[in-house]
Amino acid sequence: MSSPRVLAPAHREAPTPARAAAVPPAPDRLAKRYTRARRIEMFTAYLFILPTLLLFVVFSVYPFARTVELSFTSWDGLSSTFAQVGLDNYLRAFHDSVWWGSMGNGIFLAVIALILMQGLGLLLAVGVDRKMKGQTLYRTLFYLPPILSGIVVATIWKWLLEPNNGVINATLDNLGLGVLAHPWLGDPKTALWAISIVSVWQGVGYPFLLFLAGLQGISGEIYEAARMDGATGRQIFVKITLPLLRPVIGIVSVLTFLGAMQTFNLVVAMTKGGPGYATEVPILHIYRSAFGPSPDFGYASALSIIFGVLLFGVSMISLYLSRRSGGDPS
């Protein structure tokens, strides 16, 4: 029996330096392909982003930059020239008692909204989340006022609050409580309260929906475990529901504060800032400064910058405190 032949390996020609240089190693080719594909992908992404970016620059960045520029000038909105006044508009704002009075009114509306609007929205959300009958109908009813026009809401409530033939005063008379009838929008002591109640009625649907979404994101197993341990409904709400809703409460608080501080339609349609300046709010005062009898777009721009900075600062502080209380180390 003959032994098997062992075939000698074929002789391979060693690559010449020229051939080795002509054929790059495989990893280099993959890296180049990846880099090229990545560049094409990034270029395509930027093409999709470009229209939105252009809209943002045209309708947000440019108007903001223009507002900052105008805040250092005095301009009536019609003249072709601008009078440079430096920081005079900002100094004038700090001595404007009506402006700071309007800020106080805005803060009052914001505090009432934070207490009543958020509290009522949370209670309504808890009630609907407990699988009560007709919850779909309640969702619609609670969210109906926010989608109504502010002018429509103001007109309806102005009719209800009318001192002579208004429904509220007429109802009080029919109940034998005519002594409580009042010119609600004509009295400086009650006008701002009336607007705040109307604002809460119109805006409660927003926190209601956000709180309801937060409640539905809490696992039912947590509640079941708490009930098995003997926790009462109040303990579950205080010890479980509220802590888990803390991030939502923080966001809702910021949105509610910003919305209340920027109240405009209701005030213009119901009181026009009166009686006197009892219901003057920041946005209305800025509007008067720009389009009033003596228009000054420079001063209105300065007020806008001051107002925007204050709102931004309060928002950042609120979000920071919300994260800290929620145990977020960032």
# chains A, B, ... in the order shown; residues from 1 in each chain; ligands from 1

$ select_by_dssp --residues "segment 30-133 of chain A" --states "strand (DSSP E or B)" --output "number ranges by chain"
A: 73-74, 83-84

$ residues_around --residues "segment 108-123 of chain A" --least-positions-apart "3" --cutoff "7 Å" --atoms "only C-alpha atoms" --output "ChimeraX atom specification"
/A:104-105,126-127,196,200,204-205,207-208,211,253,256-257,260-261

$ residues_around --residues "segment 181-187 of chain A" --least-positions-apart "6" --cutoff "10 Å" --atoms "only C-alpha atoms" --output "list of chain:residue names"
A:Lys158, A:Leu161, A:Glu162, A:Pro163, A:Asn164, A:Gly166, A:Ile168, A:Asn169, A:Ala170, A:Thr171, A:Leu172, A:Asp173, A:Trp193, A:Ala194, A:Ile195, A:Met270, A:Thr271, A:Gly274, A:Pro275, A:Gly276, A:Ala278, A:Thr279

$ write_last_selection --atoms "all heavy atoms" --output "short mmCIF file (atom, residue, chain, number, x, y, z; two decimals), in the first residue's frame"
data_model
loop_
_atom_site.label_atom_id
_atom_site.label_comp_id
_atom_site.auth_asym_id
_atom_site.auth_seq_id
_atom_site.Cartn_x
_atom_site.Cartn_y
_atom_site.Cartn_z
N LYS A 158 -69.00 88.14 30.31
CA LYS A 158 -69.35 89.55 30.50
C LYS A 158 -70.86 89.71 30.58
O LYS A 158 -71.37 90.53 31.36
CB LYS A 158 -68.77 90.37 29.34
CG LYS A 158 -68.87 91.88 29.56
CD LYS A 158 -68.17 92.62 28.44
CE LYS A 158 -68.25 94.13 28.66
NZ LYS A 158 -67.56 94.88 27.58
N LEU A 161 -71.94 88.42 34.03
CA LEU A 161 -71.54 89.31 35.13
C LEU A 161 -72.11 90.72 35.00
O LEU A 161 -71.81 91.58 35.82
CB LEU A 161 -70.01 89.40 35.18
CG LEU A 161 -69.28 88.10 35.54
CD1 LEU A 161 -67.78 88.24 35.27
CD2 LEU A 161 -69.52 87.72 36.99
N GLU A 162 -72.95 90.96 33.99
CA GLU A 162 -73.52 92.30 33.78
C GLU A 162 -74.30 92.72 35.03
O GLU A 162 -75.08 91.94 35.58
CB GLU A 162 -74.44 92.24 32.56
CG GLU A 162 -74.59 93.57 31.84
CD GLU A 162 -75.68 94.42 32.47
OE1 GLU A 162 -76.65 93.83 32.99
OE2 GLU A 162 -75.56 95.65 32.47
N PRO A 163 -74.07 93.93 35.53
CA PRO A 163 -74.63 94.31 36.84
C PRO A 163 -76.15 94.43 36.89
O PRO A 163 -76.76 94.17 37.92
CB PRO A 163 -73.95 95.66 37.13
CG PRO A 163 -73.54 96.18 35.81
CD PRO A 163 -73.23 95.00 34.97
N ASN A 164 -76.79 94.83 35.79
CA ASN A 164 -78.23 95.08 35.83
C ASN A 164 -79.06 93.87 35.41
O ASN A 164 -80.00 93.48 36.11
CB ASN A 164 -78.57 96.27 34.93
CG ASN A 164 -77.91 97.56 35.41
OD1 ASN A 164 -77.84 97.82 36.61
ND2 ASN A 164 -77.42 98.36 34.46
N GLY A 166 -77.57 90.82 34.34
CA GLY A 166 -76.73 89.63 34.28
C GLY A 166 -77.34 88.45 35.01
O GLY A 166 -78.10 88.61 35.97
N ILE A 168 -75.92 86.19 36.90
CA ILE A 168 -75.43 85.97 38.26
C ILE A 168 -76.16 86.85 39.26
O ILE A 168 -76.67 86.38 40.30
CB ILE A 168 -73.90 86.20 38.31
CG1 ILE A 168 -73.18 85.14 37.48
CG2 ILE A 168 -73.41 86.19 39.76
CD1 ILE A 168 -71.69 85.31 37.43
N ASN A 169 -76.26 88.14 38.98
CA ASN A 169 -76.97 89.03 39.89
C ASN A 169 -78.47 88.71 39.94
O ASN A 169 -79.09 88.80 41.02
CB ASN A 169 -76.77 90.48 39.48
CG ASN A 169 -75.40 91.01 39.89
OD1 ASN A 169 -74.70 90.40 40.68
ND2 ASN A 169 -75.02 92.14 39.34
N ALA A 170 -79.05 88.33 38.82
CA ALA A 170 -80.48 87.96 38.80
C ALA A 170 -80.72 86.72 39.64
O ALA A 170 -81.73 86.63 40.36
CB ALA A 170 -80.94 87.75 37.37
N THR A 171 -79.81 85.76 39.56
CA THR A 171 -79.94 84.55 40.37
C THR A 171 -79.84 84.87 41.86
O THR A 171 -80.58 84.32 42.69
CB THR A 171 -78.86 83.54 39.97
OG1 THR A 171 -78.98 83.25 38.57
CG2 THR A 171 -79.00 82.25 40.76
N LEU A 172 -78.91 85.73 42.20
CA LEU A 172 -78.78 86.13 43.61
C LEU A 172 -80.06 86.81 44.10
O LEU A 172 -80.51 86.58 45.23
CB LEU A 172 -77.58 87.06 43.77
CG LEU A 172 -76.20 86.43 43.59
CD1 LEU A 172 -75.11 87.50 43.64
CD2 LEU A 172 -75.94 85.35 44.63
N ASP A 173 -80.68 87.64 43.27
CA ASP A 173 -81.93 88.30 43.64
C ASP A 173 -83.04 87.28 43.85
O ASP A 173 -83.82 87.36 44.81
CB ASP A 173 -82.34 89.31 42.57
CG ASP A 173 -81.47 90.56 42.59
OD1 ASP A 173 -80.93 90.88 43.67
OD2 ASP A 173 -81.32 91.20 41.54
N TRP A 193 -60.59 89.65 40.38
CA TRP A 193 -61.07 88.35 40.84
C TRP A 193 -62.00 87.72 39.81
O TRP A 193 -61.91 86.51 39.55
CB TRP A 193 -61.80 88.51 42.18
CG TRP A 193 -60.90 88.52 43.36
CD1 TRP A 193 -60.48 89.62 44.07
CD2 TRP A 193 -60.30 87.40 44.00
NE1 TRP A 193 -59.65 89.25 45.10
CE2 TRP A 193 -59.53 87.88 45.08
CE3 TRP A 193 -60.35 86.03 43.76
CZ2 TRP A 193 -58.80 87.04 45.92
CZ3 TRP A 193 -59.62 85.18 44.58
CH2 TRP A 193 -58.87 85.69 45.66
N ALA A 194 -62.87 88.52 39.23
CA ALA A 194 -63.79 88.00 38.23
C ALA A 194 -63.04 87.45 37.02
O ALA A 194 -63.34 86.36 36.52
CB ALA A 194 -64.77 89.09 37.80
N ILE A 195 -62.04 88.19 36.57
CA ILE A 195 -61.25 87.72 35.42
C ILE A 195 -60.49 86.46 35.77
O ILE A 195 -60.37 85.54 34.95
CB ILE A 195 -60.30 88.84 34.96
CG1 ILE A 195 -61.10 89.98 34.32
CG2 ILE A 195 -59.26 88.30 33.97
CD1 ILE A 195 -60.26 91.15 33.89
N MET A 270 -63.16 92.01 28.30
CA MET A 270 -64.04 92.18 29.46
C MET A 270 -63.90 93.55 30.12
O MET A 270 -64.89 94.15 30.52
CB MET A 270 -63.77 91.08 30.49
CG MET A 270 -64.10 89.68 29.98
SD MET A 270 -63.77 88.37 31.20
CE MET A 270 -65.08 88.69 32.38
N THR A 271 -62.68 94.05 30.27
CA THR A 271 -62.50 95.29 31.03
C THR A 271 -61.60 96.31 30.34
O THR A 271 -61.54 97.46 30.78
CB THR A 271 -61.88 94.99 32.41
OG1 THR A 271 -60.58 94.41 32.22
CG2 THR A 271 -62.75 94.03 33.20
N GLY A 274 -59.46 98.16 32.74
CA GLY A 274 -60.09 98.97 33.78
C GLY A 274 -60.77 98.12 34.84
O GLY A 274 -60.66 96.89 34.82
N PRO A 275 -61.47 98.78 35.76
CA PRO A 275 -61.58 100.25 35.89
C PRO A 275 -60.25 100.87 36.33
O PRO A 275 -59.57 100.32 37.19
CB PRO A 275 -62.66 100.42 36.96
CG PRO A 275 -62.64 99.14 37.73
CD PRO A 275 -62.24 98.06 36.78
N GLY A 276 -59.92 101.98 35.73
CA GLY A 276 -58.59 102.54 35.95
C GLY A 276 -57.56 101.61 35.36
O GLY A 276 -57.61 101.27 34.18
N ALA A 278 -56.96 98.70 37.20
CA ALA A 278 -57.15 97.61 38.16
C ALA A 278 -56.92 96.24 37.54
O ALA A 278 -56.54 95.30 38.23
CB ALA A 278 -58.56 97.67 38.75
N THR A 279 -57.15 96.09 36.24
CA THR A 279 -56.95 94.80 35.58
C THR A 279 -55.91 94.89 34.47
O THR A 279 -55.88 94.05 33.57
CB THR A 279 -58.28 94.29 34.99
OG1 THR A 279 -58.81 95.25 34.08
CG2 THR A 279 -59.29 94.03 36.10
#

$ select_by_dssp --residues "segment 132-328 of chain A" --states "alpha helix (DSSP H)" --output "ChimeraX atom specification"
/A:135-147,150-160,167-174,191-203,205-216,220-228,233-236,242-244,246-261,265-270,282-291,297-325

$ closest_residue --among "A:Tyr320, A:Phe94, A:Tyr62, A:Tyr206" --to "Ile306 of chain A" --atoms "only C-alpha atoms"
A:Phe94

$ closest_residue --among "A:Val68, A:Leu311, A:Val238, A:Val61" --to "Tyr299 of chain A" --atoms "only C-alpha atoms"
A:Val68

$ atom_distance --atom1 "atom CA of Trp100 of chain A" --atom2 "atom CA of Lys272 of chain A"
17.3 Å

$ closest_residue --among "A:Ala37, A:Ile197, A:Leu245, A:Leu50" --to "Val153 of chain A" --atoms "only C-alpha atoms"
A:Ile197

$ closest_residue --among "A:Thr136, A:Ser301, A:Ser199, A:Thr232" --to "Phe72 of chain A" --atoms "only C-alpha atoms"
A:Ser301

$ closest_residue --among "A:Arg66, A:Leu284, A:Gly273, A:Gly250" --to "Arg324 of chain A" --atoms "only C-alpha atoms"
A:Gly250
